[in-house]
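Written out below as structure tokens is the structure these notes cover.
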Amino acid sequence: MLDFVYYPVSALLWLWHTGFATVLGAAGGAAWILAIVFLVLTLRAALYRPFLAQVKFSRTMAVLQPQVRRLQAEFADDRERLTAEVRKLQQQHDFNILRAFAPMIVQLLIFLGLYHVLRSFDRTGPAANLLFGHPVTRTPGPITANYVFAPDQVQSFLHAKILSAPLTATLATSGGAFGAVAAVALPLIAIAALATHSTARAAATRQTTTTPQTRLITWMTMWLFPLGTIVAGLVMPIGILVYFATSNTWTFAQQHWVHRRLGPIPTAVPVVEPQED
């Protein structure tokens, strides 16, 4: 269904792994870890311009909010005029809501592509396990190709380890290797959750207006989202955790750099309350 995503993602992962394998060896986990990390960095760098458009959208929206509220107060009894004035205001500031959602959709597709490709390395594990992670003692079976990866490369991934922890292992399916898996998985989960919290906290400091709705959203992104990352991390394979930790850290660093480069959000036009007769 998403082969137009799976094949490019797997091809880019193949290129990075092939490059690192020539230096570090194809049998080790370091080449696979670095391949996943640099795959994330490459894809996120390619998405820089859409991300910049998304940031500019949010900054424009912050400037327009007071003006929209003024229009709502001024044309409260004329919905048609209100709609026309809001549309005119948006056109004046080149306001396009698609700029906010396009980068998120693309990032979601890339995550699904990477998740599916990594999951598809093991097609011999228990059918009931839906997260591609499997018990450390795998069910024997034939090794098949995985998109652009040949069977020998698939076998390399299945046997790859980082600090004695298989890349395909999860905390929930680690069995007797729980200690080795936890030593790798827990720091990755902590990095991903901390980066998520830090990104949300930094975004909260840049808010120009607060409402009960924005306070609720801020609280959810600062606390519920990191908690969700921790819970999901307990059942995510180490390969996926490497992706999460890298991607979330990149997001925090990129937002900090972009907002610092763009400077403070321009002062919005003050809200003028309609005076009573």
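Naming scheme: A, B, ... for chains in displayed order of the structure tokens; residues 1 onward per chain; ligands 1 onward as shown.
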
Contacts of Met1 in chain A at 12 Å or less, counting only C-alpha atoms, minus same-chain residues fewer than 2 places along, as a compact mmCIF listing (two decimals) with N, CA, C and O atoms, in the first residue's frame?
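To be explicit, this is the file written out as around.txt:
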```
# COMPACT_ATOMS: atom_id res chain seq x y z
N ASP A 3 4.21 1.30 -0.73
CA ASP A 3 5.49 0.93 -1.34
C ASP A 3 6.25 2.16 -1.83
O ASP A 3 7.48 2.14 -1.88
N PHE A 4 5.54 3.23 -2.20
CA PHE A 4 6.21 4.45 -2.65
C PHE A 4 6.99 5.10 -1.50
O PHE A 4 7.85 5.97 -1.74
N VAL A 5 6.71 4.68 -0.27
CA VAL A 5 7.46 5.14 0.90
C VAL A 5 8.48 4.08 1.32
O VAL A 5 9.64 4.39 1.61
N TYR A 6 8.05 2.81 1.33
CA TYR A 6 8.91 1.73 1.82
C TYR A 6 10.19 1.60 1.01
O TYR A 6 11.29 1.46 1.59
N TYR A 7 10.09 1.62 -0.30
CA TYR A 7 11.28 1.40 -1.13
C TYR A 7 12.30 2.53 -1.01
O TYR A 7 13.51 2.26 -0.85
N LEU A 109 4.46 9.60 7.44
CA LEU A 109 4.68 8.61 6.40
C LEU A 109 6.10 8.02 6.49
O LEU A 109 6.30 6.81 6.34
N LEU A 112 6.24 5.64 9.47
CA LEU A 112 5.58 4.38 9.13
C LEU A 112 6.44 3.57 8.18
O LEU A 112 6.52 2.34 8.29
N GLY A 113 7.10 4.25 7.23
CA GLY A 113 7.96 3.55 6.29
C GLY A 113 9.13 2.90 6.99
O GLY A 113 9.43 1.72 6.77
N HIS A 116 7.93 0.01 9.25
CA HIS A 116 7.56 -1.18 8.48
C HIS A 116 8.79 -1.89 7.93
O HIS A 116 8.86 -3.13 7.97
```

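Across the model, the gap from CA of Val9 in chain A to CA of Val106 in chain A is 12.4 Å.
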
(message) So that I can check the surroundings of Ile238 in chain A, please list as a ChimeraX atom specification every protein, DNA and RNA residue that reaches within 12 Å of it, counting only C-alpha atoms and ignoring chain neighbours fewer than 3 positions away.
(response) /A:29,32-33,36,115,118-119,131-134,157-158,160-174,180-189,232-235,241-245

Convert the current residue selection to file output with N, CA and C atoms, as a compact mmCIF listing (two decimals), in the first residue's frame.
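Everything below was put into part_17.txt:
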```
# COMPACT_ATOMS: atom_id res chain seq x y z
N GLY A 29 26.50 -4.57 15.11
CA GLY A 29 25.32 -3.72 15.26
C GLY A 29 25.62 -2.25 15.07
N TRP A 32 24.52 -0.87 11.72
CA TRP A 32 23.07 -0.73 11.61
C TRP A 32 22.57 0.46 12.43
N ILE A 33 23.12 0.65 13.63
CA ILE A 33 22.72 1.78 14.47
C ILE A 33 23.04 3.10 13.77
N ILE A 36 20.68 3.78 10.84
CA ILE A 36 19.36 4.30 11.25
C ILE A 36 19.48 5.76 11.66
N TYR A 115 9.42 2.20 10.23
CA TYR A 115 8.91 1.18 11.14
C TYR A 115 8.59 -0.11 10.40
N LEU A 118 11.89 -1.86 9.13
CA LEU A 118 12.60 -2.54 10.21
C LEU A 118 11.83 -3.76 10.71
N ARG A 119 10.52 -3.62 10.78
CA ARG A 119 9.71 -4.76 11.21
C ARG A 119 9.81 -5.91 10.22
N LEU A 131 4.56 -6.07 16.72
CA LEU A 131 5.52 -4.99 16.77
C LEU A 131 6.89 -5.40 16.24
N PHE A 132 6.95 -6.43 15.43
CA PHE A 132 8.12 -7.00 14.77
C PHE A 132 9.18 -7.46 15.75
N GLY A 133 9.09 -7.00 16.98
CA GLY A 133 9.98 -7.53 17.98
C GLY A 133 9.59 -8.96 18.28
N HIS A 134 10.51 -9.78 18.67
CA HIS A 134 10.23 -11.18 18.90
C HIS A 134 11.04 -11.64 20.09
N PHE A 157 21.05 -8.13 9.91
CA PHE A 157 20.25 -7.31 10.82
C PHE A 157 19.68 -8.15 11.97
N LEU A 158 19.20 -9.34 11.64
CA LEU A 158 18.58 -10.19 12.65
C LEU A 158 19.57 -10.62 13.72
N ALA A 160 22.30 -8.72 14.48
CA ALA A 160 23.04 -7.55 14.96
C ALA A 160 22.69 -7.24 16.41
N LYS A 161 23.70 -6.84 17.17
CA LYS A 161 23.51 -6.50 18.58
C LYS A 161 24.25 -5.22 18.89
N ILE A 162 23.79 -4.53 19.90
CA ILE A 162 24.47 -3.38 20.44
C ILE A 162 24.59 -3.58 21.95
N LEU A 163 25.81 -3.70 22.43
CA LEU A 163 26.06 -4.00 23.84
C LEU A 163 25.32 -5.26 24.27
N SER A 164 25.38 -6.30 23.46
CA SER A 164 24.78 -7.62 23.72
C SER A 164 23.26 -7.63 23.58
N ALA A 165 22.65 -6.52 23.21
CA ALA A 165 21.19 -6.46 23.06
C ALA A 165 20.83 -6.52 21.57
N PRO A 166 20.03 -7.50 21.14
CA PRO A 166 19.62 -7.58 19.73
C PRO A 166 18.81 -6.35 19.33
N LEU A 167 19.03 -5.86 18.13
CA LEU A 167 18.30 -4.68 17.65
C LEU A 167 16.81 -4.94 17.51
N THR A 168 16.44 -6.21 17.38
CA THR A 168 15.03 -6.56 17.22
C THR A 168 14.34 -6.87 18.55
N ALA A 169 15.07 -6.79 19.65
CA ALA A 169 14.50 -7.14 20.95
C ALA A 169 13.77 -5.95 21.56
N THR A 170 12.78 -6.24 22.37
CA THR A 170 12.07 -5.22 23.14
C THR A 170 12.13 -5.59 24.61
N LEU A 171 11.83 -4.62 25.46
CA LEU A 171 11.81 -4.92 26.89
C LEU A 171 10.74 -5.95 27.22
N ALA A 172 9.64 -5.90 26.48
CA ALA A 172 8.53 -6.82 26.75
C ALA A 172 8.79 -8.23 26.25
N THR A 173 9.75 -8.40 25.33
CA THR A 173 10.00 -9.72 24.75
C THR A 173 11.44 -10.16 24.94
N SER A 174 12.14 -9.54 25.89
CA SER A 174 13.57 -9.82 26.03
C SER A 174 13.88 -11.12 26.75
N ALA A 180 20.45 -6.95 29.47
CA ALA A 180 21.19 -6.40 28.34
C ALA A 180 20.31 -5.47 27.52
N VAL A 181 19.06 -5.86 27.32
CA VAL A 181 18.14 -5.03 26.54
C VAL A 181 17.82 -3.75 27.30
N ALA A 182 17.58 -3.86 28.60
CA ALA A 182 17.26 -2.67 29.40
C ALA A 182 18.40 -1.67 29.41
N ALA A 183 19.64 -2.16 29.41
CA ALA A 183 20.80 -1.27 29.44
C ALA A 183 20.87 -0.38 28.20
N VAL A 184 20.28 -0.83 27.11
CA VAL A 184 20.26 -0.05 25.87
C VAL A 184 18.93 0.67 25.70
N ALA A 185 17.83 -0.03 25.96
CA ALA A 185 16.51 0.52 25.69
C ALA A 185 16.16 1.67 26.64
N LEU A 186 16.43 1.53 27.92
CA LEU A 186 16.02 2.56 28.88
C LEU A 186 16.68 3.92 28.62
N PRO A 187 17.98 3.99 28.34
CA PRO A 187 18.55 5.30 27.99
C PRO A 187 17.94 5.90 26.73
N LEU A 188 17.66 5.07 25.73
CA LEU A 188 17.03 5.58 24.51
C LEU A 188 15.64 6.11 24.79
N ILE A 189 14.87 5.40 25.62
CA ILE A 189 13.53 5.86 26.00
C ILE A 189 13.62 7.18 26.75
N ALA A 232 5.19 3.51 25.11
CA ALA A 232 5.43 2.88 23.80
C ALA A 232 6.82 2.28 23.74
N GLY A 233 7.78 2.92 24.41
CA GLY A 233 9.14 2.43 24.39
C GLY A 233 9.30 1.06 25.02
N LEU A 234 8.40 0.71 25.91
CA LEU A 234 8.49 -0.59 26.57
C LEU A 234 8.22 -1.74 25.61
N VAL A 235 7.51 -1.46 24.52
CA VAL A 235 7.18 -2.53 23.56
C VAL A 235 7.79 -2.28 22.19
N LEU A 241 13.61 2.44 18.72
CA LEU A 241 13.96 3.38 19.78
C LEU A 241 15.11 4.28 19.35
N VAL A 242 16.04 3.73 18.57
CA VAL A 242 17.12 4.55 18.04
C VAL A 242 16.54 5.65 17.16
N TYR A 243 15.55 5.28 16.34
CA TYR A 243 14.88 6.28 15.50
C TYR A 243 14.23 7.36 16.36
N PHE A 244 13.45 6.96 17.36
CA PHE A 244 12.74 7.91 18.19
C PHE A 244 13.69 8.87 18.90
N ALA A 245 14.74 8.31 19.51
CA ALA A 245 15.68 9.15 20.25
C ALA A 245 16.37 10.15 19.32
```

(message) Give me the residues near Ala21 in chain A as a PyMOL selection string, where near means some atom within 12 Å (using only C-alpha atoms) and where sequence neighbours in that chain fewer than 5 positions away do not count.
(response) chain A and resi 13-16+26-35+153+156-157+160

Dump C-alpha atoms for the selected residues as a PDB file, in the first residue's frame?
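For reference, selection_9.pdb as written:
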```
ATOM      1  CA  LEU A  13      18.909   2.817   4.820  1.00  0.00           C
ATOM      2  CA  TRP A  14      20.736   0.384   2.513  1.00  0.00           C
ATOM      3  CA  LEU A  15      23.067   3.118   1.271  1.00  0.00           C
ATOM      4  CA  TRP A  16      24.009   4.245   4.772  1.00  0.00           C
ATOM      5  CA  ALA A  26      28.481  -5.853   8.168  1.00  0.00           C
ATOM      6  CA  ALA A  27      28.077  -8.316  11.031  1.00  0.00           C
ATOM      7  CA  GLY A  28      28.169  -5.779  13.861  1.00  0.00           C
ATOM      8  CA  GLY A  29      25.322  -3.721  15.262  1.00  0.00           C
ATOM      9  CA  ALA A  30      27.249  -0.438  15.082  1.00  0.00           C
ATOM     10  CA  ALA A  31      26.830  -0.199  11.297  1.00  0.00           C
ATOM     11  CA  TRP A  32      23.066  -0.729  11.612  1.00  0.00           C
ATOM     12  CA  ILE A  33      22.719   1.781  14.469  1.00  0.00           C
ATOM     13  CA  LEU A  34      24.635   4.435  12.564  1.00  0.00           C
ATOM     14  CA  ALA A  35      22.653   3.673   9.405  1.00  0.00           C
ATOM     15  CA  GLN A 153      21.749  -8.422   4.752  1.00  0.00           C
ATOM     16  CA  SER A 156      22.936  -9.532   9.304  1.00  0.00           C
ATOM     17  CA  PHE A 157      20.253  -7.309  10.823  1.00  0.00           C
ATOM     18  CA  ALA A 160      23.041  -7.553  14.963  1.00  0.00           C
TER      19      ALA A 160
END
```

(message) Could you check the closest approach to Ala11 in chain A for each of A:Leu194, A:Ile240, A:Arg260, A:Phe149 and tell me which residue wins, using only C-alpha atoms?
(response)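 The answer is A:Phe149, which sits nearest to Ala11 in chain A.
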
(message) What's the separation between CA of Leu2 in chain A and CA of Leu43 in chain A, in Å to one decimal place?
(response)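 So the two atoms, CA of Leu2 in chain A and CA of Leu43 in chain A, lie 16.9 Å apart.
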
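When the distance limit is 12 Å and only C-alpha atoms are what count, the residues near Gln254 in chain A, minus those fewer than 2 positions from it on the same chain, are Leu41, Arg44, Ala45, Leu47, Tyr48, Arg49, Phe51, Leu52, Val55, Ala195, Thr199, Ala202, Thr246, Ser247, Asn248, Thr249, Trp250, Thr251, Phe252, His256, Trp257, Val258, His259, Arg260 and Arg261 of chain A.
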
For the residues selected in the previous step, produce a file with N, CA, C and O atoms as an mmCIF file, in the first residue's frame.
```
data_model
loop_
_atom_site.group_PDB
_atom_site.id
_atom_site.type_symbol
_atom_site.label_atom_id
_atom_site.label_comp_id
_atom_site.auth_asym_id
_atom_site.auth_seq_id
_atom_site.Cartn_x
_atom_site.Cartn_y
_atom_site.Cartn_z
ATOM 1 N N LEU A 41 18.708 11.595 10.137
ATOM 2 C CA LEU A 41 19.299 12.912 9.899
ATOM 3 C C LEU A 41 19.120 13.347 8.447
ATOM 4 O O LEU A 41 18.834 14.522 8.170
ATOM 5 N N ARG A 44 15.309 14.165 7.889
ATOM 6 C CA ARG A 44 14.895 15.384 8.576
ATOM 7 C C ARG A 44 15.541 16.613 7.939
ATOM 8 O O ARG A 44 14.936 17.688 7.899
ATOM 9 N N ALA A 45 16.776 16.480 7.463
ATOM 10 C CA ALA A 45 17.409 17.595 6.758
ATOM 11 C C ALA A 45 16.663 17.901 5.463
ATOM 12 O O ALA A 45 16.491 19.073 5.090
ATOM 13 N N LEU A 47 13.595 17.578 5.042
ATOM 14 C CA LEU A 47 12.311 18.181 5.404
ATOM 15 C C LEU A 47 12.478 19.549 6.064
ATOM 16 O O LEU A 47 11.519 20.083 6.625
ATOM 17 N N TYR A 48 13.675 20.121 5.985
ATOM 18 C CA TYR A 48 13.915 21.389 6.680
ATOM 19 C C TYR A 48 13.015 22.505 6.154
ATOM 20 O O TYR A 48 12.416 23.250 6.928
ATOM 21 N N ARG A 49 12.911 22.632 4.849
ATOM 22 C CA ARG A 49 12.114 23.727 4.292
ATOM 23 C C ARG A 49 10.630 23.593 4.653
ATOM 24 O O ARG A 49 9.997 24.585 5.043
ATOM 25 N N PHE A 51 9.516 22.199 7.304
ATOM 26 C CA PHE A 51 9.484 22.507 8.733
ATOM 27 C C PHE A 51 9.555 24.020 8.949
ATOM 28 O O PHE A 51 8.831 24.573 9.795
ATOM 29 N N LEU A 52 10.394 24.707 8.169
ATOM 30 C CA LEU A 52 10.499 26.153 8.296
ATOM 31 C C LEU A 52 9.177 26.824 7.944
ATOM 32 O O LEU A 52 8.754 27.782 8.605
ATOM 33 N N VAL A 55 6.878 26.459 10.905
ATOM 34 C CA VAL A 55 7.204 27.411 11.974
ATOM 35 C C VAL A 55 6.686 28.803 11.629
ATOM 36 O O VAL A 55 6.090 29.491 12.472
ATOM 37 N N ALA A 195 13.560 14.710 25.268
ATOM 38 C CA ALA A 195 13.550 15.607 24.111
ATOM 39 C C ALA A 195 12.128 16.066 23.795
ATOM 40 O O ALA A 195 11.895 17.231 23.453
ATOM 41 N N THR A 199 11.027 19.981 24.025
ATOM 42 C CA THR A 199 10.463 20.659 22.856
ATOM 43 C C THR A 199 9.146 21.341 23.213
ATOM 44 O O THR A 199 8.900 22.488 22.832
ATOM 45 N N ALA A 202 9.780 24.393 25.528
ATOM 46 C CA ALA A 202 10.297 25.536 24.777
ATOM 47 C C ALA A 202 9.186 26.198 23.970
ATOM 48 O O ALA A 202 9.121 27.427 23.863
ATOM 49 N N THR A 246 16.753 9.703 18.132
ATOM 50 C CA THR A 246 17.415 10.591 17.175
ATOM 51 C C THR A 246 16.460 11.651 16.652
ATOM 52 O O THR A 246 16.782 12.845 16.606
ATOM 53 N N SER A 247 15.255 11.229 16.253
ATOM 54 C CA SER A 247 14.288 12.149 15.664
ATOM 55 C C SER A 247 13.830 13.203 16.672
ATOM 56 O O SER A 247 13.742 14.398 16.352
ATOM 57 N N ASN A 248 13.522 12.781 17.899
ATOM 58 C CA ASN A 248 13.044 13.725 18.906
ATOM 59 C C ASN A 248 14.131 14.721 19.312
ATOM 60 O O ASN A 248 13.838 15.906 19.552
ATOM 61 N N THR A 249 15.377 14.243 19.389
ATOM 62 C CA THR A 249 16.483 15.142 19.706
ATOM 63 C C THR A 249 16.698 16.146 18.585
ATOM 64 O O THR A 249 16.926 17.338 18.826
ATOM 65 N N TRP A 250 16.606 15.675 17.353
ATOM 66 C CA TRP A 250 16.729 16.575 16.198
ATOM 67 C C TRP A 250 15.629 17.636 16.235
ATOM 68 O O TRP A 250 15.884 18.814 15.980
ATOM 69 N N THR A 251 14.408 17.230 16.554
ATOM 70 C CA THR A 251 13.291 18.171 16.594
ATOM 71 C C THR A 251 13.550 19.287 17.596
ATOM 72 O O THR A 251 13.343 20.471 17.303
ATOM 73 N N PHE A 252 14.009 18.922 18.789
ATOM 74 C CA PHE A 252 14.295 19.928 19.813
ATOM 75 C C PHE A 252 15.387 20.884 19.358
ATOM 76 O O PHE A 252 15.241 22.118 19.455
ATOM 77 N N HIS A 256 14.911 24.962 18.332
ATOM 78 C CA HIS A 256 15.686 25.979 19.043
ATOM 79 C C HIS A 256 16.482 26.830 18.067
ATOM 80 O O HIS A 256 16.482 28.077 18.167
ATOM 81 N N TRP A 257 17.121 26.212 17.090
ATOM 82 C CA TRP A 257 17.955 26.935 16.142
ATOM 83 C C TRP A 257 17.116 27.822 15.234
ATOM 84 O O TRP A 257 17.464 28.982 14.985
ATOM 85 N N VAL A 258 15.999 27.292 14.737
ATOM 86 C CA VAL A 258 15.158 28.054 13.809
ATOM 87 C C VAL A 258 14.548 29.265 14.497
ATOM 88 O O VAL A 258 14.582 30.386 13.955
ATOM 89 N N HIS A 259 13.991 29.084 15.687
ATOM 90 C CA HIS A 259 13.367 30.216 16.373
ATOM 91 C C HIS A 259 14.404 31.254 16.785
ATOM 92 O O HIS A 259 14.116 32.460 16.782
ATOM 93 N N ARG A 260 15.589 30.802 17.120
ATOM 94 C CA ARG A 260 16.652 31.761 17.459
ATOM 95 C C ARG A 260 17.069 32.542 16.220
ATOM 96 O O ARG A 260 17.349 33.741 16.299
ATOM 97 N N ARG A 261 17.077 31.869 15.078
ATOM 98 C CA ARG A 261 17.441 32.540 13.826
ATOM 99 C C ARG A 261 16.363 33.538 13.398
ATOM 100 O O ARG A 261 16.678 34.632 12.926
#
```

(message) Please compute the CA of Val117 in chain A-CA of Ser198 in chain A distance, one decimal, in Å.
(response)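 Taking CA of Val117 in chain A and CA of Ser198 in chain A, their separation equals 29.1 Å.
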
(request) Using backbone DSSP assignments, extract all strand (DSSP E) residues from range 111-247 of chain A; output them as a list in words. (result) Lys161, Ile162, Ala165 and Pro166 of chain A

Write out the residues from the selection above, keeping all heavy atoms, as a short mmCIF file (atom, residue, chain, number, x, y, z; two decimals), in the first residue's frame.
```
data_model
loop_
_atom_site.label_atom_id
_atom_site.label_comp_id
_atom_site.auth_asym_id
_atom_site.auth_seq_id
_atom_site.Cartn_x
_atom_site.Cartn_y
_atom_site.Cartn_z
N LYS A 161 23.70 -6.84 17.17
CA LYS A 161 23.51 -6.50 18.58
C LYS A 161 24.25 -5.22 18.89
O LYS A 161 25.24 -4.87 18.25
CB LYS A 161 24.01 -7.62 19.49
CG LYS A 161 23.26 -8.93 19.36
CD LYS A 161 23.80 -9.97 20.33
CE LYS A 161 23.03 -11.28 20.23
NZ LYS A 161 23.55 -12.30 21.17
N ILE A 162 23.79 -4.53 19.90
CA ILE A 162 24.47 -3.38 20.44
C ILE A 162 24.59 -3.58 21.95
O ILE A 162 23.58 -3.75 22.65
CB ILE A 162 23.73 -2.06 20.11
CG1 ILE A 162 24.51 -0.87 20.63
CG2 ILE A 162 22.31 -2.08 20.59
CD1 ILE A 162 25.76 -0.56 19.87
N ALA A 165 22.65 -6.52 23.21
CA ALA A 165 21.19 -6.46 23.06
C ALA A 165 20.83 -6.52 21.57
O ALA A 165 21.30 -5.69 20.79
CB ALA A 165 20.64 -5.19 23.67
N PRO A 166 20.03 -7.50 21.14
CA PRO A 166 19.62 -7.58 19.73
C PRO A 166 18.81 -6.35 19.33
O PRO A 166 18.01 -5.84 20.11
CB PRO A 166 18.74 -8.84 19.69
CG PRO A 166 19.14 -9.63 20.90
CD PRO A 166 19.51 -8.62 21.94
#
```

(request) Between A:Arg79, A:Arg69, A:Lys56, A:His197, single out the one closest to Thr221 in chain A, counting only C-alpha atoms. (result)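 Of A:Arg79, A:Arg69, A:Lys56, A:His197, the one nearest Thr221 in chain A, counting only C-alpha atoms, is A:His197.
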
(request) Point out the residue among A:Val68, A:Ile143, A:Met222, A:Val40 with the least atom-to-atom distance to Phe111 in chain A, counting only C-alpha atoms. (result) A:Val40

(request) Pull the alpha helix (DSSP H) assignments for range 62-250 of chain A out of DSSP run on the backbone, and list those residues as number ranges by chain. (result) A: 62-74, 79-92, 98-119, 151-159, 178-205, 212-219, 225-233, 238-250
